[in-house]
file work-v9.txt (compact mmCIF, C-alpha atoms)
# COMPACT_ATOMS: atom_id res chain seq x y z
CA MET A 266 0.28 9.76 -25.46
CA ALA A 267 -0.36 11.07 -21.98
CA GLU A 268 1.39 9.47 -19.04
CA VAL A 269 1.33 9.62 -15.25
CA PHE A 270 5.07 9.98 -14.67
CA ALA A 271 5.27 10.85 -10.98
CA ALA A 272 3.33 11.17 -7.78
CA LEU A 273 3.66 13.51 -4.87
CA THR A 274 2.10 13.11 -1.46
CA THR A 275 1.77 15.76 1.20
CA SER A 276 -0.20 16.79 4.25
CA HIS A 277 -2.55 19.71 3.66
CA VAL A 278 -2.65 21.36 7.09
CA PRO A 279 -4.51 24.71 6.82
CA ALA A 280 -2.00 26.43 9.13
CA MET A 281 0.73 25.77 6.53
CA GLY A 282 -1.30 27.74 4.00
CA ALA A 283 -1.80 30.51 6.53
CA ALA A 284 1.97 30.58 7.14
CA VAL A 285 2.51 31.16 3.39
CA ASP A 286 -0.23 33.77 3.14
CA LEU A 287 1.01 35.69 6.21
CA GLY A 288 4.72 35.52 5.29
CA LYS A 289 5.67 33.36 8.29
CA THR A 290 7.49 30.56 6.48
CA ARG A 291 10.87 31.62 7.92
CA ASP A 292 9.63 31.85 11.50
CA GLU A 293 11.29 29.47 13.92
CA TYR A 294 8.14 27.33 14.15
CA TRP A 295 7.60 27.01 10.41
CA ARG A 296 11.13 27.03 8.99
CA PRO A 297 11.73 23.27 9.37
CA VAL A 298 8.46 22.53 7.59
CA PHE A 299 9.12 24.79 4.63
CA GLU A 300 12.76 23.74 4.32
CA GLY A 301 11.35 20.25 3.93
CA TYR A 302 9.59 21.36 0.74
CA GLU A 303 12.55 23.16 -0.88
CA PHE A 304 13.42 20.01 -2.79
CA ALA A 305 9.87 19.76 -4.13
CA LYS A 306 10.03 23.34 -5.42
CA ARG A 307 13.23 22.60 -7.38
CA TRP A 308 11.95 19.24 -8.56
CA ILE A 309 8.65 20.60 -9.85
CA ALA A 310 10.47 23.39 -11.73
CA GLU A 311 12.51 20.71 -13.51
CA THR A 312 9.78 18.18 -14.14
CA ARG A 313 7.08 20.66 -15.18
CA PRO A 314 3.85 18.65 -15.26
CA ASP A 315 1.14 19.76 -17.69
CA VAL A 316 -1.62 18.53 -15.41
CA VAL A 317 -1.83 17.55 -11.75
CA ILE A 318 -4.68 15.29 -10.68
CA LEU A 319 -4.98 16.43 -7.09
CA VAL A 320 -6.57 13.97 -4.68
CA TYR A 321 -7.85 15.75 -1.57
CA ASN A 322 -10.84 16.05 0.68
CA ASP A 323 -13.23 18.91 1.16
CA HIS A 324 -13.63 19.97 4.81
CA ALA A 325 -17.31 20.91 5.06
CA THR A 326 -16.74 23.72 2.59
CA ALA A 327 -18.15 22.96 -0.86
CA LEU A 328 -19.48 19.55 0.19
CA GLY A 329 -21.48 19.57 3.40
CA LEU A 330 -23.83 16.84 4.54
CA ASP A 331 -26.42 17.30 1.79
CA VAL A 332 -24.44 15.41 -0.82
CA ILE A 333 -21.58 13.10 0.13
CA PRO A 334 -19.83 11.62 -2.89
CA THR A 335 -17.20 9.01 -2.13
CA PHE A 336 -15.15 9.95 -5.22
CA ALA A 337 -15.89 13.20 -7.07
CA LEU A 338 -13.98 14.40 -10.13
CA GLY A 339 -13.77 18.12 -10.88
CA CYS A 340 -14.62 18.49 -14.55
CA GLY A 341 -14.92 22.28 -14.72
CA ALA A 342 -12.67 24.81 -16.45
CA GLU A 343 -11.86 26.58 -13.21
CA PHE A 344 -12.32 26.29 -9.47
CA GLU A 345 -12.32 29.25 -7.15
CA PRO A 346 -10.40 29.06 -3.86
CA ALA A 347 -13.12 28.85 -1.20
CA ASP A 348 -14.04 31.24 1.56
CA GLU A 349 -13.90 28.87 4.51
CA GLY A 350 -15.27 31.48 6.87
CA TRP A 351 -12.30 33.84 7.16
CA GLY A 352 -12.06 35.08 3.54
CA ARG A 353 -10.60 33.49 0.43
CA ARG A 354 -6.91 32.58 0.49
CA PRO A 355 -4.92 35.02 -1.67
CA VAL A 356 -4.00 32.34 -4.19
CA PRO A 357 -4.61 32.12 -7.94
CA MET A 358 -7.72 30.65 -9.50
CA VAL A 359 -7.32 26.91 -10.08
CA LYS A 360 -7.56 26.08 -13.79
CA GLY A 361 -8.95 22.69 -14.65
CA ASP A 362 -8.61 20.55 -17.76
CA PRO A 363 -12.20 19.76 -18.76
CA GLU A 364 -11.19 17.69 -21.80
CA LEU A 365 -8.86 15.38 -19.90
CA ALA A 366 -11.31 15.26 -16.99
CA ALA A 367 -14.12 14.19 -19.32
CA HIS A 368 -11.90 11.49 -20.77
CA ILE A 369 -10.92 10.27 -17.31
CA ALA A 370 -14.54 10.28 -16.15
CA GLN A 371 -15.62 8.14 -19.08
CA SER A 372 -12.70 5.77 -18.72
CA LEU A 373 -13.09 5.33 -14.96
CA ILE A 374 -16.84 4.78 -15.04
CA LEU A 375 -16.51 2.14 -17.72
CA ASP A 376 -13.76 0.66 -15.55
CA GLU A 377 -16.45 0.28 -12.85
CA PHE A 378 -15.57 3.26 -10.65
CA ASP A 379 -18.91 5.03 -10.26
CA LEU A 380 -17.65 8.57 -9.93
CA THR A 381 -19.59 11.69 -9.11
CA LEU A 382 -18.82 14.46 -11.60
CA ILE A 383 -18.67 18.07 -10.44
CA ASN A 384 -18.63 20.96 -12.86
CA ARG A 385 -18.82 23.75 -10.35
CA MET A 386 -17.16 23.73 -6.95
CA ASP A 387 -15.02 25.97 -4.77
CA VAL A 388 -11.85 24.27 -3.57
CA ASP A 389 -10.71 24.56 0.04
CA HIS A 390 -7.35 24.32 1.82
CA GLY A 391 -7.23 20.59 1.14
CA LEU A 392 -6.45 21.44 -2.47
CA THR A 393 -4.81 24.88 -2.28
CA VAL A 394 -2.34 24.21 0.56
CA PRO A 395 -0.49 21.47 -1.39
CA LEU A 396 -0.25 23.84 -4.38
CA SER A 397 1.25 26.53 -2.13
CA MET A 398 3.73 24.11 -0.54
CA VAL A 399 5.03 22.97 -3.93
CA PHE A 400 4.66 26.06 -6.14
CA GLY A 401 5.04 28.85 -3.58
CA GLN A 402 3.27 32.08 -4.46
CA PRO A 403 3.12 32.43 -8.27
CA GLU A 404 0.83 34.86 -10.12
CA ALA A 405 -0.87 31.86 -11.70
CA TRP A 406 -0.51 28.13 -10.95
CA PRO A 407 1.92 26.80 -13.57
CA CYS A 408 -0.17 23.79 -14.57
CA LYS A 409 -3.74 22.64 -14.88
CA VAL A 410 -5.28 20.91 -11.89
CA ILE A 411 -8.04 18.29 -11.90
CA PRO A 412 -9.52 17.98 -8.40
CA LEU A 413 -10.42 14.50 -7.21
CA ALA A 414 -12.34 14.86 -3.96
CA VAL A 415 -12.61 11.84 -1.67
CA ASN A 416 -14.99 11.55 1.26
CA VAL A 417 -12.90 11.00 4.37
CA VAL A 418 -15.13 13.09 6.66
CA GLN A 419 -18.15 10.84 7.16
CA TYR A 420 -17.08 7.34 8.10
CA PRO A 421 -16.42 5.11 6.30
CA PRO A 422 -14.13 6.54 3.65
CA PRO A 423 -13.40 4.22 0.73
CA THR A 424 -11.06 1.37 1.67
CA GLY A 425 -7.36 1.63 1.04
CA ASN A 426 -7.69 -1.18 -1.44
CA ARG A 427 -10.39 0.65 -3.39
CA CYS A 428 -8.18 3.74 -3.47
CA LEU A 429 -5.18 1.78 -4.77
CA ARG A 430 -7.37 0.24 -7.49
CA LEU A 431 -8.70 3.66 -8.41
CA GLY A 432 -5.10 4.76 -8.85
CA HIS A 433 -4.50 1.83 -11.20
CA ALA A 434 -7.58 2.79 -13.21
CA LEU A 435 -6.47 6.41 -13.28
CA ARG A 436 -3.13 5.38 -14.75
CA LYS A 437 -4.91 3.44 -17.50
CA ALA A 438 -7.31 6.31 -18.14
CA VAL A 439 -4.50 8.82 -18.59
CA ALA A 440 -2.49 6.42 -20.77
CA SER A 441 -5.42 6.10 -23.16
CA TYR A 442 -5.67 9.86 -23.68
CA ASP A 443 -4.63 10.71 -27.19
CA ARG A 444 -2.48 13.74 -26.48
CA ASP A 445 1.08 14.24 -25.26
CA LEU A 446 0.65 15.30 -21.67
CA ARG A 447 2.84 14.85 -18.65
CA VAL A 448 0.54 14.12 -15.75
CA MET A 449 1.20 13.83 -12.03
CA VAL A 450 -1.11 12.52 -9.35
CA TRP A 451 -0.85 14.08 -5.90
CA GLY A 452 -2.26 12.38 -2.84
CA THR A 453 -2.84 14.70 0.09
CA GLY A 454 -3.93 14.67 3.74
CA GLY A 455 -2.52 12.91 6.79
CA MET A 456 -0.29 12.00 8.37
CA SER A 457 -1.31 10.88 11.86
CA HIS A 458 -3.56 13.36 13.62
CA GLN A 459 -6.72 13.55 15.66
CA LEU A 460 -8.65 16.80 15.89
CA GLN A 461 -11.39 15.73 18.28
CA GLY A 462 -12.25 14.31 21.68
CA PRO A 463 -10.11 13.70 24.76
CA ARG A 464 -7.52 11.89 22.58
CA ALA A 465 -6.99 14.99 20.39
CA GLY A 466 -3.35 15.56 19.51
CA LEU A 467 -2.49 11.92 18.87
CA ILE A 468 0.64 11.49 16.73
CA ASN A 469 2.10 8.12 15.81
CA SER A 470 5.48 8.56 14.13
CA GLU A 471 6.11 4.83 13.97
CA PHE A 472 2.86 4.23 12.12
CA ASP A 473 3.63 7.09 9.74
CA ALA A 474 7.14 5.81 8.98
CA ARG A 475 5.83 2.32 8.32
CA PHE A 476 3.04 3.67 6.15
CA MET A 477 5.57 5.52 4.00
CA ASP A 478 7.76 2.39 3.75
CA LEU A 479 4.81 0.29 2.64
CA LEU A 480 3.44 2.91 0.28
CA ILE A 481 6.77 3.00 -1.57
CA ASP A 482 7.68 -0.69 -1.68
CA ALA A 483 4.60 -2.73 -0.74
CA PRO A 484 1.52 -0.75 -1.75
CA GLU A 485 -0.73 -3.83 -1.67
CA GLU A 486 0.17 -4.26 1.98
CA ALA A 487 -0.47 -0.57 2.68
CA ALA A 488 -3.81 -0.97 0.93
CA SER A 489 -4.79 -3.77 3.30
CA ILE A 490 -4.60 -1.60 6.43
CA ARG A 491 -8.07 -1.74 7.95
CA HIS A 492 -10.06 1.37 8.80
CA VAL A 493 -10.17 0.52 12.48
CA ASP A 494 -6.38 0.37 12.52
CA TYR A 495 -6.08 3.81 10.92
CA LEU A 496 -8.48 5.16 13.55
CA ARG A 497 -6.72 3.47 16.45
CA GLU A 498 -3.12 3.99 15.34
CA SER A 499 -3.08 7.21 13.32
CA GLY A 500 -6.00 9.09 14.89
CA SER A 501 -9.50 9.74 13.63
CA GLU A 502 -8.25 12.16 10.97
CA GLY A 503 -5.19 10.08 10.08
CA ILE A 504 -7.52 7.91 8.01
CA GLU A 505 -7.13 10.58 5.30
CA LEU A 506 -4.01 8.62 4.35
CA VAL A 507 -6.13 6.36 2.14
CA MET A 508 -5.90 9.22 -0.38
CA TRP A 509 -2.15 8.68 -0.72
CA LEU A 510 -2.93 5.20 -2.10
CA ILE A 511 -4.68 6.70 -5.12
CA ALA A 512 -1.52 8.57 -6.05
CA ARG A 513 0.61 5.46 -5.45
CA GLY A 514 -1.69 3.29 -7.54
CA ALA A 515 -1.29 5.62 -10.49
CA LEU A 516 2.42 4.75 -10.75
CA THR A 517 4.21 1.61 -11.89
CA PRO A 518 4.43 -1.31 -9.41
CA LYS A 519 8.01 -0.34 -8.62
CA VAL A 520 8.84 3.27 -7.86
CA ARG A 521 11.80 5.39 -6.84
CA ALA A 522 11.32 7.62 -3.82
CA VAL A 523 13.26 10.75 -4.75
CA ARG A 524 12.13 12.66 -1.67
CA ARG A 525 10.91 11.71 1.77
CA PHE A 526 10.21 14.22 4.52
CA TYR A 527 8.55 14.01 7.91
CA HIS A 528 8.08 16.58 10.65
CA VAL A 529 6.04 16.98 13.84
CA PRO A 530 4.12 19.20 14.37
CA ALA A 531 2.29 21.54 12.08
CA SER A 532 -0.38 22.80 14.43
CA ASN A 533 -2.13 19.52 15.43
CA THR A 534 -0.72 17.29 12.72
CA ALA A 535 2.26 15.23 11.62
CA VAL A 536 3.49 16.47 8.24
CA GLY A 537 4.59 13.88 5.70
CA HIS A 538 5.70 14.31 2.12
CA LEU A 539 6.94 11.95 -0.59
CA ILE A 540 7.92 12.31 -4.23
CA LEU A 541 7.75 9.08 -6.21
CA GLU A 542 8.80 8.43 -9.80
CA ASN A 543 8.06 5.42 -11.97
CA ALA A 544 10.93 2.93 -11.88
CA ILE A 545 11.30 1.16 -15.19
CA MET B 344 -20.74 -2.60 19.68
CA LYS B 345 -18.80 -1.33 16.70
CA GLU B 346 -15.21 -2.41 16.27
CA TYR B 347 -13.97 1.15 16.85
CA ASP B 348 -16.01 1.69 20.02
CA ASP B 349 -13.10 0.45 22.13
CA ILE B 350 -10.86 3.34 21.03
CA PRO B 351 -10.67 5.78 23.95
CA GLY B 352 -11.45 9.49 23.72
CA THR B 353 -12.66 9.31 20.12
CA TYR B 354 -16.04 9.99 18.50
CA VAL B 355 -16.08 8.34 15.08
CA PHE B 356 -18.33 10.38 12.78
CA ASP B 357 -20.14 7.42 11.28
CA ALA B 358 -23.47 7.27 9.48
CA GLU B 359 -25.41 7.01 12.75
CA ARG B 360 -23.73 10.10 14.24
CA ALA B 361 -24.10 11.93 10.93
CA ARG B 362 -27.83 11.25 10.98
CA GLN B 363 -28.18 12.44 14.55
CA GLY B 364 -25.91 15.42 13.93
CA TYR B 365 -27.40 16.60 10.66
CA PRO B 366 -29.23 19.66 12.11
CA LEU B 367 -26.30 20.43 14.42
CA ASN B 368 -23.80 20.36 11.57
CA ARG B 369 -26.15 22.27 9.29
CA PHE B 370 -26.29 25.02 11.90
CA CYS B 371 -22.47 25.06 12.07
CA MET B 372 -22.19 25.17 8.27
CA SER B 373 -24.44 28.25 8.17
CA LEU B 374 -21.77 30.16 10.11
CA MET B 375 -19.59 30.27 7.01
CA HIS B 376 -21.58 33.38 6.05
CA GLU B 377 -20.91 36.69 7.73
CA ASP B 378 -24.62 37.62 7.89
CA ASN B 379 -25.40 34.42 9.76
CA ARG B 380 -22.51 34.92 12.15
CA LYS B 381 -23.92 38.34 13.00
CA ARG B 382 -27.40 36.94 13.57
CA PHE B 383 -25.98 34.16 15.74
CA LYS B 384 -23.91 36.55 17.84
CA ALA B 385 -26.88 38.88 18.31
CA ASP B 386 -29.04 36.13 19.84
CA GLU B 387 -27.43 32.70 19.97
CA ALA B 388 -30.41 30.76 21.30
CA ALA B 389 -32.88 32.30 18.84
CA TYR B 390 -30.59 31.64 15.89
CA VAL B 391 -29.76 28.04 16.86
CA GLY B 392 -33.49 27.47 17.44
CA THR B 393 -34.21 27.78 13.73
CA PHE B 394 -32.27 24.61 12.80
CA GLY B 395 -34.26 21.88 14.55
CA LEU B 396 -31.57 20.74 16.99
CA SER B 397 -32.50 18.59 20.00
CA GLU B 398 -32.54 20.32 23.38
CA GLU B 399 -29.34 18.53 24.32
CA GLN B 400 -27.65 19.71 21.14
CA VAL B 401 -28.77 23.31 21.70
CA ASP B 402 -27.44 23.18 25.23
CA ALA B 403 -24.11 21.74 24.05
CA VAL B 404 -23.76 24.54 21.49
CA LEU B 405 -24.65 27.35 23.87
CA SER B 406 -22.31 26.03 26.55
CA ARG B 407 -19.57 25.26 23.98
CA SER B 408 -19.34 21.71 25.27
CA TRP B 409 -17.25 20.39 22.42
CA ASN B 410 -17.13 16.75 23.50
CA ARG B 411 -20.89 16.67 24.02
CA MET B 412 -21.35 18.19 20.57
CA LEU B 413 -19.16 15.39 19.20
CA ALA B 414 -21.13 12.75 21.12
CA LEU B 415 -24.38 14.19 19.75
CA GLY B 416 -23.27 13.97 16.14
CA GLY B 417 -21.13 17.05 15.66
CA ASN B 418 -18.17 16.78 13.31
CA VAL B 419 -15.03 18.80 13.88
CA TYR B 420 -14.88 20.26 10.36
CA PHE B 421 -18.38 21.64 10.83
CA MET B 422 -17.73 22.65 14.43
CA ALA B 423 -14.68 24.57 13.22
CA LYS B 424 -17.07 27.19 11.80
CA LEU B 425 -18.22 27.79 15.38
CA PHE B 426 -14.63 27.92 16.68
CA PHE B 427 -13.83 30.60 14.10
CA THR B 428 -17.04 32.50 14.85
CA ASP B 429 -15.81 32.63 18.46
CA GLY B 430 -12.42 33.86 17.25
CA ARG B 431 -10.81 30.62 18.37
CA SER B 432 -8.49 28.19 16.61
CA VAL B 433 -8.88 24.46 16.09
CA GLN B 434 -5.96 24.03 18.47
CA PHE B 435 -7.79 26.00 21.18
CA ALA B 436 -10.81 23.72 20.82
CA CYS B 437 -8.69 20.55 20.69
CA ALA B 438 -7.00 21.57 23.95
CA GLN B 439 -10.40 22.04 25.59
CA MET B 440 -11.63 18.68 24.28
CA ALA B 441 -8.51 17.10 25.77
CA GLY B 442 -9.07 18.89 29.07
CA MET B 443 -5.78 20.77 28.79
CA THR B 444 -4.74 24.39 28.73
CA GLN B 445 -3.86 25.59 25.25
CA ASP B 446 -0.25 26.12 26.35
CA ALA B 447 0.06 22.60 27.70
CA TYR B 448 -1.56 21.19 24.56
CA ALA B 449 0.72 23.21 22.25
CA GLN B 450 3.74 22.06 24.26
CA MET B 451 2.58 18.44 23.92
CA MET B 452 2.41 18.88 20.14
CA LEU B 453 5.89 20.44 20.04
CA SER B 454 7.16 17.46 22.01
CA GLY B 455 5.89 15.01 19.39
CA GLY B 456 2.18 14.88 20.15
CA ARG B 457 0.10 12.53 22.28
CA SER B 458 1.67 9.09 22.27
CA PRO B 459 -0.48 6.21 21.03
CA ASP B 460 0.92 4.11 23.90
CA GLY B 461 -1.82 3.65 26.45
CA ASN B 462 -4.29 5.37 24.10
CA ARG B 463 -5.25 2.55 21.77
CA TYR B 464 -7.86 0.69 23.84
CA LYS B 465 -10.29 1.81 26.50
CA ARG B 466 -9.23 -1.15 28.65
CA GLU B 467 -5.68 0.25 28.84
CA GLN B 468 -7.12 3.30 30.52
CA SER B 469 -9.65 1.67 32.83
CA ASP B 470 -6.92 -0.69 34.05
CA GLY B 471 -4.87 2.36 34.90
call {"tool": "encode", "arguments": {"input": "work-v9.txt", "output": "structure tokens"}}
result
Amino acid sequence: MAEVFAALTTSHVPAMGAAVDLGKTRDEYWRPVFEGYEFAKRWIAETRPDVVILVYNDHATALGLDVIPTFALGCGAEFEPADEGWGRRPVPMVKGDPELAAHIAQSLILDEFDLTLINRMDVDHGLTVPLSMVFGQPEAWPCKVIPLAVNVVQYPPPTGNRCLRLGHALRKAVASYDRDLRVMVWGTGGMSHQLQGPRAGLINSEFDARFMDLLIDAPEEAASIRHVDYLRESGSEGIELVMWLIARGALTPKVRAVRRFYHVPASNTAVGHLILENAI
Amino acid sequence: MKEYDDIPGTYVFDAERARQGYPLNRFCMSLMHEDNRKRFKADEAAYVGTFGLSEEQVDAVLSRSWNRMLALGGNVYFMAKLFFTDGRSVQFACAQMAGMTQDAYAQMMLSGGRSPDGNRYKREQSDG
């Protein structure tokens, strides 16, 4: 049987992807960030997931304002890295898992999560930067990736509670798949940042630390954080953190945090990263 | 009054702003394509004029008044297409929105970013 055996969370700052693509990861500015992901590179080589369900948001790339799905599952066989206006990132094509995605779609919808299904979509830095941070620069990504795009651009995003519940449903969906697969769920985005207005540049390290504490040990409490508090405390773009709750919800109630990393800044953003394993 | 209206210096891109900003953001989105960037650069006003923006929105675009664009329904991920068309970074634009030089803004980020203290409620700022 398939199983979600671990979760990984990470910021998906576009400048981190540019640092990889331009060979700047050892520069003074970037070294502390990339050293923070060395553990993840070793860990992923040992744990070798077959499939990653990658929770992220599109940034006005494939999804503009014409169609705004709250939760959209990528069901296609492949997803091309997007041209976001300065050329495509030099990263491999993202290979999906249409069979598992179809199973998940059916399971989640019958579990009352009314997903949008997407068969064709380019994927932007929200999805490809986490892959680069964890896998580096391989010829081909070493596992299949099912994109799960969440609207966090037009307010309101789904509530933290809804995201945690979606994670629970995702866990059930994967567990009912009749094939031996090792599946991870990654939650991306955050941590605190604000990219707009006179308050641009807001960073709240205390909020971020508490969020990570709660996500690990008290996810129901993390899920109860209200939208207005994300906006006020973690900045208008910090609200992306609701996506981490989907990854957390896909694990057992108790988890082991095998990696925790935090750094300020990457460009305009606080970088946070966790690796969580089911604790039995 | 929405519950987030008392957050200072922040334009929440809610459904109302999205409705108002639809033509503005659609214009920005068009700049993802090189052909459109060329047409825009050749005659900014003529190009923007094809998207049905309000006069205020057109003026905000042409004068690169980022905060006014935000107030009129612009969203930063769409506006980023305009930053890049201008050969500018998101950090450049964020510094301008914050009324800072890019150097001062970058230094603030290196020093841990803008503190939330004193930046949570408008009343904290009006009280000085």
call {"tool": "residues_near_point", "arguments": {"input": "work-v9.txt", "point": "(6.4, 14.7, -2.7)", "cutoff": "9 Å", "atoms": "only C-alpha atoms", "output": "PDB file with C-alpha atoms, in the coordinates of the input"}}
result
ATOM      1  CA  ALA A 272       3.330  11.170  -7.780  1.00  0.00           C
ATOM      2  CA  LEU A 273       3.660  13.510  -4.870  1.00  0.00           C
ATOM      3  CA  THR A 274       2.100  13.110  -1.460  1.00  0.00           C
ATOM      4  CA  THR A 275       1.770  15.760   1.200  1.00  0.00           C
ATOM      5  CA  TYR A 302       9.590  21.360   0.740  1.00  0.00           C
ATOM      6  CA  PHE A 304      13.420  20.010  -2.790  1.00  0.00           C
ATOM      7  CA  ALA A 305       9.870  19.760  -4.130  1.00  0.00           C
ATOM      8  CA  VAL A 399       5.030  22.970  -3.930  1.00  0.00           C
ATOM      9  CA  TRP A 451      -0.850  14.080  -5.900  1.00  0.00           C
ATOM     10  CA  GLY A 452      -2.260  12.380  -2.840  1.00  0.00           C
ATOM     11  CA  ALA A 522      11.320   7.620  -3.820  1.00  0.00           C
ATOM     12  CA  VAL A 523      13.260  10.750  -4.750  1.00  0.00           C
ATOM     13  CA  ARG A 524      12.130  12.660  -1.670  1.00  0.00           C
ATOM     14  CA  ARG A 525      10.910  11.710   1.770  1.00  0.00           C
ATOM     15  CA  PHE A 526      10.210  14.220   4.520  1.00  0.00           C
ATOM     16  CA  GLY A 537       4.590  13.880   5.700  1.00  0.00           C
ATOM     17  CA  HIS A 538       5.700  14.310   2.120  1.00  0.00           C
ATOM     18  CA  LEU A 539       6.940  11.950  -0.590  1.00  0.00           C
ATOM     19  CA  ILE A 540       7.920  12.310  -4.230  1.00  0.00           C
ATOM     20  CA  LEU A 541       7.750   9.080  -6.210  1.00  0.00           C
TER      21      LEU A 541
END
call {"tool": "closest_atom_pairs", "arguments": {"input": "work-v9.txt", "of": "chain A", "to": "chain B", "cutoff": "9 Å", "atoms": "all atoms listed in the file", "output": "Markdown table"}}
result
| residue | atom | partner | partner_atom | distance |
| --- | --- | --- | --- | --- |
| A:His324 | CA | B:Tyr420 | CA | 5.7 |
| A:Ala325 | CA | B:Tyr420 | CA | 5.9 |
| A:Thr326 | CA | B:Met372 | CA | 8.0 |
| A:Gly329 | CA | B:Met372 | CA | 7.5 |
| A:Leu330 | CA | B:Tyr365 | CA | 7.1 |
| A:Asp331 | CA | B:Tyr365 | CA | 9.0 |
| A:Asp348 | CA | B:Met375 | CA | 7.8 |
| A:Glu349 | CA | B:Met375 | CA | 6.4 |
| A:Gly350 | CA | B:Met375 | CA | 4.5 |
| A:Trp351 | CA | B:Phe427 | CA | 7.8 |
| A:Val418 | CA | B:Phe356 | CA | 7.4 |
| A:Gln419 | CA | B:Phe356 | CA | 5.6 |
| A:Tyr420 | CA | B:Asp357 | CA | 4.4 |
| A:Pro421 | CA | B:Asp357 | CA | 6.6 |
| A:His458 | CA | B:Gly456 | CA | 8.8 |
| A:Gln459 | CA | B:Thr353 | CA | 8.6 |
| A:Leu460 | CA | B:Cys437 | CA | 6.1 |
| A:Gln461 | CA | B:Cys437 | CA | 6.0 |
| A:Gly462 | CA | B:Met440 | CA | 5.1 |
| A:Pro463 | CA | B:Ala441 | CA | 3.9 |
| A:Arg464 | CA | B:Gly352 | CA | 4.7 |
| A:Ala465 | CA | B:Cys437 | CA | 5.8 |
| A:Gly466 | CA | B:Arg457 | CA | 5.4 |
| A:Leu467 | CA | B:Arg457 | CA | 4.3 |
| A:Ile468 | CA | B:Gly456 | CA | 5.1 |
| A:Asn469 | CA | B:Pro459 | CA | 6.1 |
| A:Ser470 | CA | B:Gly455 | CA | 8.3 |
| A:His492 | CA | B:Tyr347 | CA | 9.0 |
| A:Val493 | CA | B:Tyr347 | CA | 5.8 |
| A:Asp494 | CA | B:Tyr347 | CA | 8.8 |
| A:Leu496 | CA | B:Tyr347 | CA | 7.6 |
| A:Arg497 | CA | B:Arg463 | CA | 5.6 |
| A:Glu498 | CA | B:Pro459 | CA | 6.7 |
| A:Ser499 | CA | B:Pro459 | CA | 8.2 |
| A:Gly500 | CA | B:Thr353 | CA | 8.5 |
| A:Ser501 | CA | B:Val355 | CA | 6.9 |
| A:Val529 | CA | B:Gly455 | CA | 5.9 |
| A:Pro530 | CA | B:Met452 | CA | 6.0 |
| A:Ala531 | CA | B:Met452 | CA | 8.5 |
| A:Ser532 | CA | B:Gln434 | CA | 7.0 |
| A:Asn533 | CA | B:Met452 | CA | 6.6 |
| A:Thr534 | CA | B:Met452 | CA | 8.2 |
| A:Ala535 | CA | B:Gly456 | CA | 8.5 |
call {"tool": "atom_distance", "arguments": {"input": "work-v9.txt", "atom1": "CA of Val359 in chain A", "atom2": "CA of His277 in chain A"}}
result
16.2 Å
call {"tool": "atom_distance", "arguments": {"input": "work-v9.txt", "atom1": "CA of Gly352 in chain A", "atom2": "CA of Phe426 in chain B"}}
result
15.2 Å
call {"tool": "closest_residue", "arguments": {"input": "work-v9.txt", "among": "A:Ala284, A:Ala434, A:Ala347, A:Ala267", "to": "Leu392 in chain A", "atoms": "only C-alpha atoms"}}
result
A:Ala347
call {"tool": "closest_residue", "arguments": {"input": "work-v9.txt", "among": "A:Arg430, A:His528, A:Lys306, A:Arg436", "to": "Leu516 in chain A", "atoms": "all atoms listed in the file"}}
result
A:Arg436
call {"tool": "closest_residue", "arguments": {"input": "work-v9.txt", "among": "A:Ala327, A:Gln402, A:Ala515, A:Ile481", "to": "Ala440 in chain A", "atoms": "only C-alpha atoms"}}
result
A:Ala515
call {"tool": "closest_residue", "arguments": {"input": "work-v9.txt", "among": "A:Gly514, A:Leu338, A:Tyr321, A:Lys409", "to": "Arg447 in chain A", "atoms": "all atoms listed in the file"}}
result
A:Lys409
call {"tool": "closest_residue", "arguments": {"input": "work-v9.txt", "among": "A:Leu446, A:Leu375, A:Val507, A:Ala342", "to": "Thr424 in chain A", "atoms": "only C-alpha atoms"}}
result
A:Val507
call {"tool": "atom_distance", "arguments": {"input": "work-v9.txt", "atom1": "CA of Leu506 in chain A", "atom2": "CA of Val410 in chain A"}}
result
20.4 Å
call {"tool": "decode", "arguments": {"input": "work-v9.txt", "residues": "range 389-394 of chain B", "atoms": "N, CA, C and O atoms", "output": "short mmCIF file (atom, residue, chain, number, x, y, z; two decimals), in the first residue's frame"}}
result
data_model
loop_
_atom_site.label_atom_id
_atom_site.label_comp_id
_atom_site.auth_asym_id
_atom_site.auth_seq_id
_atom_site.Cartn_x
_atom_site.Cartn_y
_atom_site.Cartn_z
N ALA B 389 -0.48 54.24 -25.37
CA ALA B 389 -1.33 53.59 -26.38
C ALA B 389 -1.56 52.13 -26.01
O ALA B 389 -2.68 51.61 -26.11
N TYR B 390 -0.51 51.47 -25.56
CA TYR B 390 -0.64 50.05 -25.22
C TYR B 390 -1.56 49.86 -24.01
O TYR B 390 -2.50 49.06 -24.05
N VAL B 391 -1.31 50.63 -22.95
CA VAL B 391 -2.14 50.50 -21.74
C VAL B 391 -3.60 50.81 -22.08
O VAL B 391 -4.52 50.20 -21.54
N GLY B 392 -3.80 51.74 -23.02
CA GLY B 392 -5.15 52.16 -23.39
C GLY B 392 -6.02 51.07 -23.97
O GLY B 392 -7.24 51.23 -24.05
N THR B 393 -5.43 49.95 -24.35
CA THR B 393 -6.22 48.88 -24.95
C THR B 393 -6.83 47.94 -23.92
O THR B 393 -7.52 46.99 -24.28
N PHE B 394 -6.57 48.18 -22.61
CA PHE B 394 -7.00 47.21 -21.59
C PHE B 394 -8.17 47.67 -20.74
O PHE B 394 -8.59 46.96 -19.83
#
